[in-house]
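Containing PDB, C-alpha atoms: run_27.pdb.
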```
ATOM      1  CA  MET I  15     -22.151  -7.723   4.612
ATOM      2  CA  LEU I  16     -19.821 -10.242   6.199
ATOM      3  CA  ASN I  17     -22.527 -10.822   8.773
ATOM      4  CA  ASP I  18     -24.965 -11.602   5.963
ATOM      5  CA  TYR I  19     -22.718 -14.477   4.894
ATOM      6  CA  LEU I  20     -21.169 -15.629   8.154
ATOM      7  CA  THR I  21     -24.171 -16.924  10.076
ATOM      8  CA  PRO I  22     -24.664 -19.835  12.498
ATOM      9  CA  ASP I  23     -25.210 -22.004   9.399
ATOM     10  CA  THR I  24     -21.911 -21.099   7.766
ATOM     11  CA  VAL I  25     -19.621 -20.672  10.783
ATOM     12  CA  LEU I  26     -18.351 -24.084  11.855
ATOM     13  CA  PHE I  27     -15.971 -25.418  14.488
ATOM     14  CA  ALA I  28     -14.372 -28.854  14.366
ATOM     15  CA  THR I  29     -11.906 -30.833  16.424
ATOM     16  CA  ASP I  30     -11.997 -33.998  14.326
ATOM     17  CA  VAL I  31     -10.891 -32.858  10.876
ATOM     18  CA  ASP I  32      -9.035 -35.560   8.973
ATOM     19  CA  GLY I  33      -6.469 -33.670   6.923
ATOM     20  CA  TRP I  34      -6.721 -30.730   4.538
ATOM     21  CA  ARG I  35      -9.025 -32.401   2.006
ATOM     22  CA  ASP I  36     -11.553 -33.047   4.766
ATOM     23  CA  ALA I  37     -11.176 -29.431   5.902
ATOM     24  CA  ILE I  38     -11.987 -28.156   2.387
ATOM     25  CA  GLU I  39     -14.961 -30.526   2.119
ATOM     26  CA  ARG I  40     -16.303 -29.396   5.470
ATOM     27  CA  VAL I  41     -15.794 -25.659   5.063
ATOM     28  CA  SER I  42     -17.557 -25.731   1.697
ATOM     29  CA  ALA I  43     -20.416 -28.028   2.786
ATOM     30  CA  PRO I  44     -22.729 -25.164   3.900
ATOM     31  CA  LEU I  45     -22.267 -23.418   0.530
ATOM     32  CA  LEU I  46     -23.057 -26.633  -1.338
ATOM     33  CA  GLU I  47     -26.123 -27.191   0.820
ATOM     34  CA  ALA I  48     -27.336 -23.632   0.303
ATOM     35  CA  GLY I  49     -26.943 -23.978  -3.464
ATOM     36  CA  ALA I  50     -24.229 -21.310  -3.733
ATOM     37  CA  ILE I  51     -21.781 -23.708  -5.375
ATOM     38  CA  GLU I  52     -21.828 -26.888  -7.399
ATOM     39  CA  ARG I  53     -19.965 -30.014  -6.272
ATOM     40  CA  ARG I  54     -17.293 -29.392  -8.920
ATOM     41  CA  TYR I  55     -16.276 -26.136  -7.206
ATOM     42  CA  ILE I  56     -15.062 -28.177  -4.210
ATOM     43  CA  ASP I  57     -13.174 -30.542  -6.507
ATOM     44  CA  ALA I  58     -11.571 -27.560  -8.270
ATOM     45  CA  MET I  59     -10.321 -26.138  -4.957
ATOM     46  CA  ILE I  60      -8.934 -29.502  -3.858
ATOM     47  CA  ASP I  61      -7.260 -30.046  -7.244
ATOM     48  CA  SER I  62      -5.616 -26.649  -7.230
ATOM     49  CA  ILE I  63      -4.301 -27.081  -3.671
ATOM     50  CA  ALA I  64      -3.001 -30.579  -4.502
ATOM     51  CA  LYS I  65      -1.132 -29.041  -7.446
ATOM     52  CA  GLY I  66       0.722 -26.784  -5.031
ATOM     53  CA  GLY I  67      -1.892 -24.072  -4.667
ATOM     54  CA  THR I  68      -0.950 -23.117  -1.147
ATOM     55  CA  TYR I  69      -1.596 -19.524  -2.275
ATOM     56  CA  ILE I  70      -4.776 -19.770  -0.271
ATOM     57  CA  ASP I  71      -2.599 -19.578   2.875
ATOM     58  CA  LEU I  72      -2.920 -15.919   3.865
ATOM     59  CA  GLY I  73      -0.567 -16.176   6.833
ATOM     60  CA  TYR I  74      -1.288 -16.241  10.584
ATOM     61  CA  GLY I  75      -2.817 -19.716  10.194
ATOM     62  CA  ILE I  76      -5.665 -18.455   8.031
ATOM     63  CA  ALA I  77      -6.544 -19.863   4.601
ATOM     64  CA  LEU I  78      -8.991 -18.519   2.025
ATOM     65  CA  ALA I  79     -10.084 -21.450  -0.107
ATOM     66  CA  HIS I  80     -11.506 -20.377  -3.463
ATOM     67  CA  SER I  81     -11.475 -21.099  -7.167
ATOM     68  CA  ARG I  82     -12.636 -19.331 -10.310
ATOM     69  CA  PRO I  83     -16.312 -18.374 -10.813
ATOM     70  CA  GLU I  84     -16.563 -20.619 -13.891
ATOM     71  CA  ASN I  85     -15.644 -23.660 -11.816
ATOM     72  CA  GLY I  86     -19.130 -24.009 -10.378
ATOM     73  CA  VAL I  87     -20.148 -20.860  -8.505
ATOM     74  CA  ILE I  88     -23.893 -20.213  -8.525
ATOM     75  CA  GLU I  89     -23.998 -17.237  -6.195
ATOM     76  CA  THR I  90     -21.613 -15.339  -3.936
ATOM     77  CA  GLY I  91     -21.026 -17.029  -0.619
ATOM     78  CA  LEU I  92     -18.598 -17.274   2.266
ATOM     79  CA  SER I  93     -18.175 -19.905   4.955
ATOM     80  CA  TYR I  94     -15.898 -20.425   7.941
ATOM     81  CA  LEU I  95     -14.325 -23.446   9.633
ATOM     82  CA  ARG I  96     -12.171 -23.149  12.743
ATOM     83  CA  VAL I  97     -10.139 -26.314  13.198
ATOM     84  CA  SER I  98      -8.308 -27.571  16.236
ATOM     85  CA  PRO I  99      -5.666 -28.941  16.095
ATOM     86  CA  PRO I 100      -4.313 -27.123  13.007
ATOM     87  CA  VAL I 101      -4.433 -28.836   9.619
ATOM     88  CA  LEU I 102      -1.425 -28.880   7.280
ATOM     89  CA  LEU I 103      -2.412 -27.452   3.913
ATOM     90  CA  ASN I 104      -1.380 -29.891   1.172
ATOM     91  CA  ASP I 105       0.354 -31.812   3.991
ATOM     92  CA  GLU I 106       3.111 -29.190   3.993
ATOM     93  CA  ALA I 107       4.672 -28.462   7.385
ATOM     94  CA  GLU I 108       5.121 -24.779   6.498
ATOM     95  CA  HIS I 109       1.379 -24.281   5.992
ATOM     96  CA  PRO I 110      -0.428 -25.071   9.265
ATOM     97  CA  ILE I 111      -3.993 -23.720   9.140
ATOM     98  CA  ASP I 112      -6.269 -22.954  12.104
ATOM     99  CA  LEU I 113      -9.023 -21.175  10.226
ATOM    100  CA  PHE I 114     -10.401 -21.923   6.772
ATOM    101  CA  PHE I 115     -12.647 -19.575   4.840
ATOM    102  CA  CYS I 116     -14.328 -20.730   1.656
ATOM    103  CA  LEU I 117     -15.116 -17.955  -0.812
ATOM    104  CA  ALA I 118     -17.450 -18.378  -3.760
ATOM    105  CA  ALA I 119     -17.378 -15.339  -6.043
ATOM    106  CA  ASN I 120     -19.895 -15.429  -8.871
ATOM    107  CA  ASP I 121     -18.424 -12.688 -11.002
ATOM    108  CA  GLN I 122     -15.646 -10.141 -10.925
ATOM    109  CA  GLY I 123     -17.636  -7.698  -8.827
ATOM    110  CA  GLY I 124     -20.203  -9.418  -6.641
ATOM    111  CA  HIS I 125     -17.812 -10.307  -3.863
ATOM    112  CA  LEU I 126     -15.796  -7.093  -3.662
ATOM    113  CA  ALA I 127     -17.559  -5.418  -0.741
ATOM    114  CA  THR I 128     -17.425  -8.647   1.251
ATOM    115  CA  MET I 129     -13.749  -9.104   0.432
ATOM    116  CA  ALA I 130     -13.044  -5.542   1.524
ATOM    117  CA  GLU I 131     -14.558  -6.268   4.927
ATOM    118  CA  LEU I 132     -12.719  -9.552   5.151
ATOM    119  CA  ALA I 133      -9.412  -7.853   4.339
ATOM    120  CA  THR I 134     -10.030  -5.248   7.050
ATOM    121  CA  LEU I 135     -10.883  -7.970   9.535
ATOM    122  CA  LEU I 136      -7.838 -10.105   8.800
ATOM    123  CA  THR I 137      -5.234  -7.359   8.525
ATOM    124  CA  ASN I 138      -6.203  -5.777  11.839
ATOM    125  CA  ASP I 139      -4.013  -7.443  14.499
ATOM    126  CA  ASP I 140      -6.546  -6.903  17.237
ATOM    127  CA  LEU I 141      -9.578  -8.193  15.335
ATOM    128  CA  ARG I 142      -7.657 -11.126  13.883
ATOM    129  CA  THR I 143      -6.548 -12.213  17.353
ATOM    130  CA  GLN I 144     -10.123 -11.965  18.626
ATOM    131  CA  LEU I 145     -11.380 -13.927  15.644
ATOM    132  CA  LEU I 146      -8.918 -16.754  16.219
ATOM    133  CA  ALA I 147      -9.927 -16.838  19.884
ATOM    134  CA  ALA I 148     -13.653 -17.100  19.102
ATOM    135  CA  THR I 149     -15.194 -20.461  19.973
ATOM    136  CA  THR I 150     -18.822 -19.923  18.937
ATOM    137  CA  SER I 151     -20.508 -18.404  15.901
ATOM    138  CA  ALA I 152     -21.984 -15.731  18.191
ATOM    139  CA  GLU I 153     -18.450 -14.675  19.174
ATOM    140  CA  VAL I 154     -17.416 -14.585  15.513
ATOM    141  CA  SER I 155     -20.414 -12.392  14.802
ATOM    142  CA  THR I 156     -19.428 -10.012  17.605
ATOM    143  CA  VAL I 157     -15.907  -9.636  16.177
ATOM    144  CA  ILE I 158     -17.319  -8.947  12.700
ATOM    145  CA  GLN I 159     -19.568  -6.234  14.092
ATOM    146  CA  GLU I 160     -16.467  -4.451  15.372
ATOM    147  CA  ILE I 161     -15.042  -4.008  11.860
ATOM    148  CA  GLY I 162     -16.958  -0.790  11.356
ATOM    149  CA  ASN I 163     -15.612   0.680  14.603
ATOM    150  CA  GLN I 164     -11.964  -0.015  13.787
ATOM    151  CA  GLU I 165     -11.666   1.860  10.529
TER     152      GLU I 165
ATOM    153  CA  MET V  13       3.335   4.520 -11.621
ATOM    154  CA  LYS V  14       1.426   1.273 -11.462
ATOM    155  CA  PHE V  15       1.462  -1.513  -8.859
ATOM    156  CA  LEU V  16      -0.164  -4.816  -9.672
ATOM    157  CA  ALA V  17      -1.151  -7.495  -7.144
ATOM    158  CA  VAL V  18      -1.125 -10.950  -8.680
ATOM    159  CA  CYS V  19      -2.348 -14.355  -7.499
ATOM    160  CA  SER V  20      -3.338 -17.597  -9.164
ATOM    161  CA  THR V  21      -7.035 -16.839  -9.513
ATOM    162  CA  GLY V  22      -6.947 -13.049  -9.651
ATOM    163  CA  LEU V  23      -9.838 -12.571  -7.251
ATOM    164  CA  GLY V  24      -8.900 -13.823  -3.797
ATOM    165  CA  SER V  25      -5.554 -12.989  -2.345
ATOM    166  CA  SER V  26      -4.547 -10.531  -5.073
ATOM    167  CA  PHE V  27      -7.624  -8.468  -4.318
ATOM    168  CA  MET V  28      -6.735  -8.384  -0.626
ATOM    169  CA  VAL V  29      -3.208  -7.258  -1.459
ATOM    170  CA  HIS V  30      -4.635  -4.630  -3.825
ATOM    171  CA  MET V  31      -6.831  -3.200  -1.046
ATOM    172  CA  ASN V  32      -3.998  -3.289   1.445
ATOM    173  CA  ILE V  33      -1.621  -1.497  -0.929
ATOM    174  CA  ASP V  34      -4.283   1.199  -1.347
ATOM    175  CA  LYS V  35      -4.502   1.457   2.440
ATOM    176  CA  VAL V  36      -0.716   1.756   2.853
ATOM    177  CA  LEU V  37      -0.402   4.375   0.083
ATOM    178  CA  LYS V  38      -3.114   6.411   1.768
ATOM    179  CA  GLU V  39      -1.307   6.154   5.103
ATOM    180  CA  LEU V  40       1.923   7.272   3.483
ATOM    181  CA  GLY V  41       0.139  10.124   1.756
ATOM    182  CA  VAL V  42       1.384   8.980  -1.639
ATOM    183  CA  THR V  43      -0.813   9.762  -4.635
ATOM    184  CA  GLY V  44      -0.456   9.025  -8.326
ATOM    185  CA  VAL V  45       0.084   5.294  -7.941
ATOM    186  CA  ASP V  46      -2.441   3.208  -9.820
ATOM    187  CA  VAL V  47      -3.149  -0.141  -8.125
ATOM    188  CA  ASP V  48      -4.893  -3.124  -9.661
ATOM    189  CA  HIS V  49      -5.041  -6.908  -9.307
ATOM    190  CA  THR V  50      -5.123  -9.778 -11.754
ATOM    191  CA  ASP V  51      -4.361 -13.465 -12.180
ATOM    192  CA  LEU V  52      -0.983 -14.883 -13.056
ATOM    193  CA  GLY V  53      -2.075 -15.919 -16.566
ATOM    194  CA  SER V  54      -3.052 -12.359 -17.525
ATOM    195  CA  VAL V  55       0.074 -10.535 -16.469
ATOM    196  CA  ALA V  56       2.749  -9.631 -19.005
ATOM    197  CA  ARG V  57       6.128  -7.970 -18.698
ATOM    198  CA  GLY V  58       5.742  -4.227 -18.619
ATOM    199  CA  ASP V  59       2.181  -4.280 -17.276
ATOM    200  CA  ALA V  60       3.242  -2.607 -14.065
ATOM    201  CA  ASP V  61       6.160  -0.881 -12.375
ATOM    202  CA  ALA V  62       6.050  -3.425  -9.572
ATOM    203  CA  ILE V  63       4.252  -6.727  -9.133
ATOM    204  CA  PHE V  64       3.241  -7.915  -5.640
ATOM    205  CA  VAL V  65       2.826 -11.662  -5.148
ATOM    206  CA  GLY V  66       2.545 -14.187  -2.340
ATOM    207  CA  ALA V  67       5.490 -16.472  -1.638
ATOM    208  CA  ASP V  68       3.833 -19.288  -3.616
ATOM    209  CA  LEU V  69       4.239 -17.331  -6.859
ATOM    210  CA  ALA V  70       7.857 -16.307  -6.276
ATOM    211  CA  GLU V  71       9.153 -18.907  -8.726
ATOM    212  CA  ALA V  72       6.407 -18.427 -11.297
ATOM    213  CA  THR V  73       7.162 -14.702 -11.499
ATOM    214  CA  GLU V  74      10.954 -14.809 -11.399
ATOM    215  CA  ASN V  75      11.170 -13.714 -15.044
ATOM    216  CA  PHE V  76       9.355 -10.477 -14.343
ATOM    217  CA  ASP V  77      11.188  -7.347 -13.292
ATOM    218  CA  ASP V  78      10.470  -5.689  -9.969
ATOM    219  CA  VAL V  79       8.598  -8.499  -8.267
ATOM    220  CA  VAL V  80       7.852  -7.946  -4.588
ATOM    221  CA  VAL V  81       7.307 -11.221  -2.719
ATOM    222  CA  LEU V  82       5.140 -11.125   0.410
ATOM    223  CA  LYS V  83       5.584 -13.744   3.136
ATOM    224  CA  SER V  84       2.061 -13.124   4.403
ATOM    225  CA  ILE V  85      -0.515 -11.270   2.365
ATOM    226  CA  ILE V  86      -2.405 -10.085   5.429
ATOM    227  CA  ASP V  87       0.622  -8.708   7.283
ATOM    228  CA  LEU V  88       0.218  -4.942   6.947
ATOM    229  CA  ASN V  89       3.587  -4.229   8.571
ATOM    230  CA  GLU V  90       5.417  -6.309   6.004
ATOM    231  CA  LEU V  91       3.443  -4.714   3.186
ATOM    232  CA  ARG V  92       4.047  -1.216   4.556
ATOM    233  CA  GLU V  93       7.820  -1.802   4.589
ATOM    234  CA  LYS V  94       7.861  -3.309   1.121
ATOM    235  CA  VAL V  95       5.623  -0.669  -0.462
ATOM    236  CA  ARG V  96       7.824   2.016   1.079
ATOM    237  CA  ALA V  97      11.000   0.339  -0.211
ATOM    238  CA  THR V  98       9.472  -0.034  -3.681
ATOM    239  CA  LEU V  99       8.431   3.612  -3.802
ATOM    240  CA  GLU V 100      11.948   4.666  -2.797
ATOM    241  CA  LEU V 101      13.429   2.370  -5.431
ATOM    242  CA  LYS V 102      11.183   3.991  -8.036
ATOM    243  CA  GLY V 103      12.081   7.471  -6.896
ATOM    244  CA  VAL V 104       8.620   8.346  -5.587
ATOM    245  CA  THR V 105       8.696  10.916  -2.825
ATOM    246  CA  ILE V 106       6.976   9.828   0.379
ATOM    247  CA  PRO V 107       5.502  12.851   2.194
ATOM    248  CA  GLU V 108       6.319  11.199   5.559
ATOM    249  CA  LYS V 109       3.122  12.435   7.091
ATOM    250  CA  GLY V 110       1.932   8.898   7.491
ATOM    251  CA  SER V 111       4.227   7.601  10.191
ATOM    252  CA  ALA V 112       1.329   5.824  11.924
ATOM    253  CA  ALA V 113       3.407   2.658  12.033
TER     254      ALA V 113
END
```
Whole structure, structure tokens version:
Amino acid sequence: MLNDYLTPDTVLFATDVDGWRDAIERVSAPLLEAGAIERRYIDAMIDSIAKGGTYIDLGYGIALAHSRPENGVIETGLSYLRVSPPVLLNDEAEHPIDLFFCLAANDQGGHLATMAELATLLTNDDLRTQLLAATTSAEVSTVIQEIGNQE
Amino acid sequence: MKFLAVCSTGLGSSFMVHMNIDKVLKELGVTGVDVDHTDLGSVARGDADAIFVGADLAEATENFDDVVVLKSIIDLNELREKVRATLELKGVTIPEKGSAA
């Protein structure tokens, strides 16, 4: 399921990200292009982070950008942006982010199986370390394929 | 016994915490704890025996009883410790079979 969403089109790497707003724009760009979200979904995420919504910081330098379904989700989607150097979420020194995910959930249930896989991936020390070390979308895909073997 | 994971939107981080609490309870061999997740706006006093939140909601939930604040919501070791401490606080017996940590 994660591999259905995280494809070469939605797994991005960047070394020239200009601050957290740019990071949010860039991680959500593939979802906007694919028609999974409306433009206002990106604005909603940026607004909520600017208002102190650093809740998207999961820890270990990983952030899960998302907003509510009613803020412009068309269909469930997930995208990935690995940034180097790290970006400070909301310009706050205590929230350096190396990896941004953007989640679009179109209802209360459509994203649950994907989220379950994502939670397994990110809470497993070994897989998380491998994920952060990945430098190509093919490597990301290989790490995702290991989820099933770890549980 | 009910544990509730809460975040601002009720579908991102709170859902991850919900799944991870389930995982920890299973490891510990504890049954009879109902786990759910919701958004901050929907939670009321008395909805749960303990409320798990990320550090960003520590202030917003300070009026609730039994709030457990997590530094990282994907750190299973932290969650394991805090779930265990909460269960002990609530007088729930932990079978101790799950000492995988």
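Note that CA of Ala72 (chain V) and CA of Ala56 (chain V) are 12.3 Å apart.
Here CA of Ala79 (chain I) and CA of Ser20 (chain V) stand 11.9 Å from one another.
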Starting from the displayed file, determine the output of the PyMOL selection byres ((chain V) within 12 of (chain I)) and express the residue list as a PyMOL selection string. chain V and resi 18-36+49-52+65-70+72+82-92
Quick one: 3 Å padding each side, axis-aligned, all listed atoms of region 29-42 of chain V - centre and edge lengths in Å to one decimal, as AutoDock Vina command-line options?
```
--center_x -2.5 --center_y 1.4 --center_z 0.6 --size_x 14.8 --size_y 23.4 --size_z 14.9
```
Pull out every residue that the PyMOL selection byres ((chain I and resi 38) around 10) matches in the shown coordinates and put them as a PDB file with C-alpha atoms, in the frame of the given file.
```pdb
ATOM      1  CA  VAL I  31     -10.891 -32.858  10.876  1.00  0.00           C
ATOM      2  CA  GLY I  33      -6.469 -33.670   6.923  1.00  0.00           C
ATOM      3  CA  TRP I  34      -6.721 -30.730   4.538  1.00  0.00           C
ATOM      4  CA  ARG I  35      -9.025 -32.401   2.006  1.00  0.00           C
ATOM      5  CA  ASP I  36     -11.553 -33.047   4.766  1.00  0.00           C
ATOM      6  CA  ALA I  37     -11.176 -29.431   5.902  1.00  0.00           C
ATOM      7  CA  GLU I  39     -14.961 -30.526   2.119  1.00  0.00           C
ATOM      8  CA  ARG I  40     -16.303 -29.396   5.470  1.00  0.00           C
ATOM      9  CA  VAL I  41     -15.794 -25.659   5.063  1.00  0.00           C
ATOM     10  CA  SER I  42     -17.557 -25.731   1.697  1.00  0.00           C
ATOM     11  CA  ALA I  43     -20.416 -28.028   2.786  1.00  0.00           C
ATOM     12  CA  ILE I  56     -15.062 -28.177  -4.210  1.00  0.00           C
ATOM     13  CA  ASP I  57     -13.174 -30.542  -6.507  1.00  0.00           C
ATOM     14  CA  MET I  59     -10.321 -26.138  -4.957  1.00  0.00           C
ATOM     15  CA  ILE I  60      -8.934 -29.502  -3.858  1.00  0.00           C
ATOM     16  CA  ILE I  63      -4.301 -27.081  -3.671  1.00  0.00           C
ATOM     17  CA  ALA I  79     -10.084 -21.450  -0.107  1.00  0.00           C
ATOM     18  CA  HIS I  80     -11.506 -20.377  -3.463  1.00  0.00           C
ATOM     19  CA  LEU I  95     -14.325 -23.446   9.633  1.00  0.00           C
ATOM     20  CA  LEU I 103      -2.412 -27.452   3.913  1.00  0.00           C
ATOM     21  CA  PHE I 114     -10.401 -21.923   6.772  1.00  0.00           C
ATOM     22  CA  PHE I 115     -12.647 -19.575   4.840  1.00  0.00           C
ATOM     23  CA  CYS I 116     -14.328 -20.730   1.656  1.00  0.00           C
TER      24      CYS I 116
END
```
As a PyMOL selection string, please: the residues near Leu16 (chain V) (cut-off 7 Å, all atoms listed in the file, same-chain neighbours under 2 positions excluded). chain V and resi 14+18+47-49+60+62-64
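For the atom pair formed by CA of Glu71 (chain V) and CA of Gly58 (chain V), the distance is 18.0 Å, given to one decimal.
Residues within 7 Å of region 147-163 of chain I, counting only C-alpha atoms and excluding same-chain residues fewer than 4 positions away, are Asn17, Pro22, Val25, Leu135, Leu141 and Thr143 of chain I.
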Determine, counting all atoms listed in the file, which protein, DNA and RNA residues have an atom within 12 Å of an atom of Gly44 (chain V); residues of the same chain fewer than 3 positions away are not included. Present the result as a ChimeraX atom specification. /V:13-15,34,37-38,41,47,99,104-106
Filtering to C-alpha atoms, could you give me those residues as a short mmCIF file (atom, residue, chain, number, x, y, z; two decimals), keeping the file's coordinate frame?
```cif
data_model
loop_
_atom_site.label_atom_id
_atom_site.label_comp_id
_atom_site.auth_asym_id
_atom_site.auth_seq_id
_atom_site.Cartn_x
_atom_site.Cartn_y
_atom_site.Cartn_z
CA MET V 13 3.34 4.52 -11.62
CA LYS V 14 1.43 1.27 -11.46
CA PHE V 15 1.46 -1.51 -8.86
CA ASP V 34 -4.28 1.20 -1.35
CA LEU V 37 -0.40 4.38 0.08
CA LYS V 38 -3.11 6.41 1.77
CA GLY V 41 0.14 10.12 1.76
CA VAL V 47 -3.15 -0.14 -8.12
CA LEU V 99 8.43 3.61 -3.80
CA VAL V 104 8.62 8.35 -5.59
CA THR V 105 8.70 10.92 -2.82
CA ILE V 106 6.98 9.83 0.38
#
```
Take the PyMOL selection byres ((chain I and resi 48) around 12), run it mentally on this structure, and tell me the resulting residues as a VMD selection string. chain I and resid 19 23 to 24 42 to 47 49 to 53 87 to 93 118
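Distance annotation: of I:Arg96, I:Asp61, I:Asp140, I:Ala127, the residue with the minimal separation from Leu113 (chain I) is I:Arg96; atom set is only C-alpha atoms.
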Write out as JSON, numbers by chain each polymer residue whose atoms come within 10 Å of Glu108 (chain V), counting all atoms listed in the file; drop sequence neighbours fewer than 4 positions from it. {"V": [39, 40, 41, 42, 112]}
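Shortest atom-to-atom contact with Asp78 (chain V) among V:Val55, V:Asp61, V:Pro107, V:Val95: V:Asp61, counting all atoms listed in the file.
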How would region 85-110 of chain V read, as a PDB file, in the coordinates of the input, once N, CA and C atoms are built in?
```pdb
ATOM      1  N   ILE V  85       0.195 -12.330   3.082  1.00  0.00           N
ATOM      2  CA  ILE V  85      -0.515 -11.270   2.365  1.00  0.00           C
ATOM      3  C   ILE V  85      -1.461 -10.491   3.268  1.00  0.00           C
ATOM      4  N   ILE V  86      -1.593 -10.898   4.527  1.00  0.00           N
ATOM      5  CA  ILE V  86      -2.405 -10.085   5.429  1.00  0.00           C
ATOM      6  C   ILE V  86      -1.568  -9.425   6.519  1.00  0.00           C
ATOM      7  N   ASP V  87      -0.247  -9.379   6.321  1.00  0.00           N
ATOM      8  CA  ASP V  87       0.622  -8.708   7.283  1.00  0.00           C
ATOM      9  C   ASP V  87       0.861  -7.275   6.798  1.00  0.00           C
ATOM     10  N   LEU V  88       0.131  -6.343   7.393  1.00  0.00           N
ATOM     11  CA  LEU V  88       0.218  -4.942   6.947  1.00  0.00           C
ATOM     12  C   LEU V  88       1.593  -4.343   7.200  1.00  0.00           C
ATOM     13  N   ASN V  89       2.255  -4.780   8.270  1.00  0.00           N
ATOM     14  CA  ASN V  89       3.587  -4.229   8.571  1.00  0.00           C
ATOM     15  C   ASN V  89       4.590  -4.602   7.490  1.00  0.00           C
ATOM     16  N   GLU V  90       4.530  -5.862   7.074  1.00  0.00           N
ATOM     17  CA  GLU V  90       5.417  -6.309   6.004  1.00  0.00           C
ATOM     18  C   GLU V  90       5.122  -5.528   4.723  1.00  0.00           C
ATOM     19  N   LEU V  91       3.838  -5.403   4.414  1.00  0.00           N
ATOM     20  CA  LEU V  91       3.443  -4.714   3.186  1.00  0.00           C
ATOM     21  C   LEU V  91       3.872  -3.244   3.223  1.00  0.00           C
ATOM     22  N   ARG V  92       3.691  -2.627   4.379  1.00  0.00           N
ATOM     23  CA  ARG V  92       4.047  -1.216   4.556  1.00  0.00           C
ATOM     24  C   ARG V  92       5.532  -1.004   4.247  1.00  0.00           C
ATOM     25  N   GLU V  93       6.370  -1.888   4.825  1.00  0.00           N
ATOM     26  CA  GLU V  93       7.820  -1.802   4.589  1.00  0.00           C
ATOM     27  C   GLU V  93       8.154  -1.977   3.123  1.00  0.00           C
ATOM     28  N   LYS V  94       7.504  -2.975   2.496  1.00  0.00           N
ATOM     29  CA  LYS V  94       7.861  -3.309   1.121  1.00  0.00           C
ATOM     30  C   LYS V  94       7.316  -2.291   0.120  1.00  0.00           C
ATOM     31  N   VAL V  95       6.161  -1.727   0.400  1.00  0.00           N
ATOM     32  CA  VAL V  95       5.623  -0.669  -0.462  1.00  0.00           C
ATOM     33  C   VAL V  95       6.540   0.555  -0.367  1.00  0.00           C
ATOM     34  N   ARG V  96       6.943   0.874   0.857  1.00  0.00           N
ATOM     35  CA  ARG V  96       7.824   2.016   1.079  1.00  0.00           C
ATOM     36  C   ARG V  96       9.155   1.834   0.330  1.00  0.00           C
ATOM     37  N   ALA V  97       9.724   0.624   0.460  1.00  0.00           N
ATOM     38  CA  ALA V  97      11.000   0.339  -0.211  1.00  0.00           C
ATOM     39  C   ALA V  97      10.844   0.430  -1.730  1.00  0.00           C
ATOM     40  N   THR V  98       9.706  -0.064  -2.239  1.00  0.00           N
ATOM     41  CA  THR V  98       9.472  -0.034  -3.681  1.00  0.00           C
ATOM     42  C   THR V  98       9.323   1.400  -4.176  1.00  0.00           C
ATOM     43  N   LEU V  99       8.608   2.207  -3.420  1.00  0.00           N
ATOM     44  CA  LEU V  99       8.431   3.612  -3.802  1.00  0.00           C
ATOM     45  C   LEU V  99       9.779   4.319  -3.841  1.00  0.00           C
ATOM     46  N   GLU V 100      10.615   4.031  -2.843  1.00  0.00           N
ATOM     47  CA  GLU V 100      11.948   4.666  -2.797  1.00  0.00           C
ATOM     48  C   GLU V 100      12.787   4.242  -3.988  1.00  0.00           C
ATOM     49  N   LEU V 101      12.705   2.924  -4.290  1.00  0.00           N
ATOM     50  CA  LEU V 101      13.429   2.370  -5.431  1.00  0.00           C
ATOM     51  C   LEU V 101      13.013   3.063  -6.741  1.00  0.00           C
ATOM     52  N   LYS V 102      11.720   3.390  -6.814  1.00  0.00           N
ATOM     53  CA  LYS V 102      11.183   3.991  -8.036  1.00  0.00           C
ATOM     54  C   LYS V 102      11.306   5.517  -8.020  1.00  0.00           C
ATOM     55  N   GLY V 103      11.882   6.033  -6.960  1.00  0.00           N
ATOM     56  CA  GLY V 103      12.081   7.471  -6.896  1.00  0.00           C
ATOM     57  C   GLY V 103      10.829   8.263  -6.585  1.00  0.00           C
ATOM     58  N   VAL V 104       9.836   7.625  -5.970  1.00  0.00           N
ATOM     59  CA  VAL V 104       8.620   8.346  -5.587  1.00  0.00           C
ATOM     60  C   VAL V 104       8.829   8.967  -4.208  1.00  0.00           C
ATOM     61  N   THR V 105       8.517  10.235  -4.102  1.00  0.00           N
ATOM     62  CA  THR V 105       8.696  10.916  -2.825  1.00  0.00           C
ATOM     63  C   THR V 105       7.575  10.547  -1.854  1.00  0.00           C
ATOM     64  N   ILE V 106       7.964  10.153  -0.650  1.00  0.00           N
ATOM     65  CA  ILE V 106       6.976   9.828   0.379  1.00  0.00           C
ATOM     66  C   ILE V 106       6.862  11.035   1.308  1.00  0.00           C
ATOM     67  N   PRO V 107       5.674  11.621   1.412  1.00  0.00           N
ATOM     68  CA  PRO V 107       5.502  12.851   2.194  1.00  0.00           C
ATOM     69  C   PRO V 107       5.857  12.708   3.678  1.00  0.00           C
ATOM     70  N   GLU V 108       5.945  11.464   4.164  1.00  0.00           N
ATOM     71  CA  GLU V 108       6.319  11.199   5.559  1.00  0.00           C
ATOM     72  C   GLU V 108       5.305  11.682   6.575  1.00  0.00           C
ATOM     73  N   LYS V 109       4.127  12.054   6.103  1.00  0.00           N
ATOM     74  CA  LYS V 109       3.122  12.435   7.091  1.00  0.00           C
ATOM     75  C   LYS V 109       2.538  11.192   7.751  1.00  0.00           C
ATOM     76  N   GLY V 110       2.574  10.105   6.998  1.00  0.00           N
ATOM     77  CA  GLY V 110       1.932   8.898   7.491  1.00  0.00           C
ATOM     78  C   GLY V 110       2.878   7.999   8.252  1.00  0.00           C
TER      79      GLY V 110
END
```
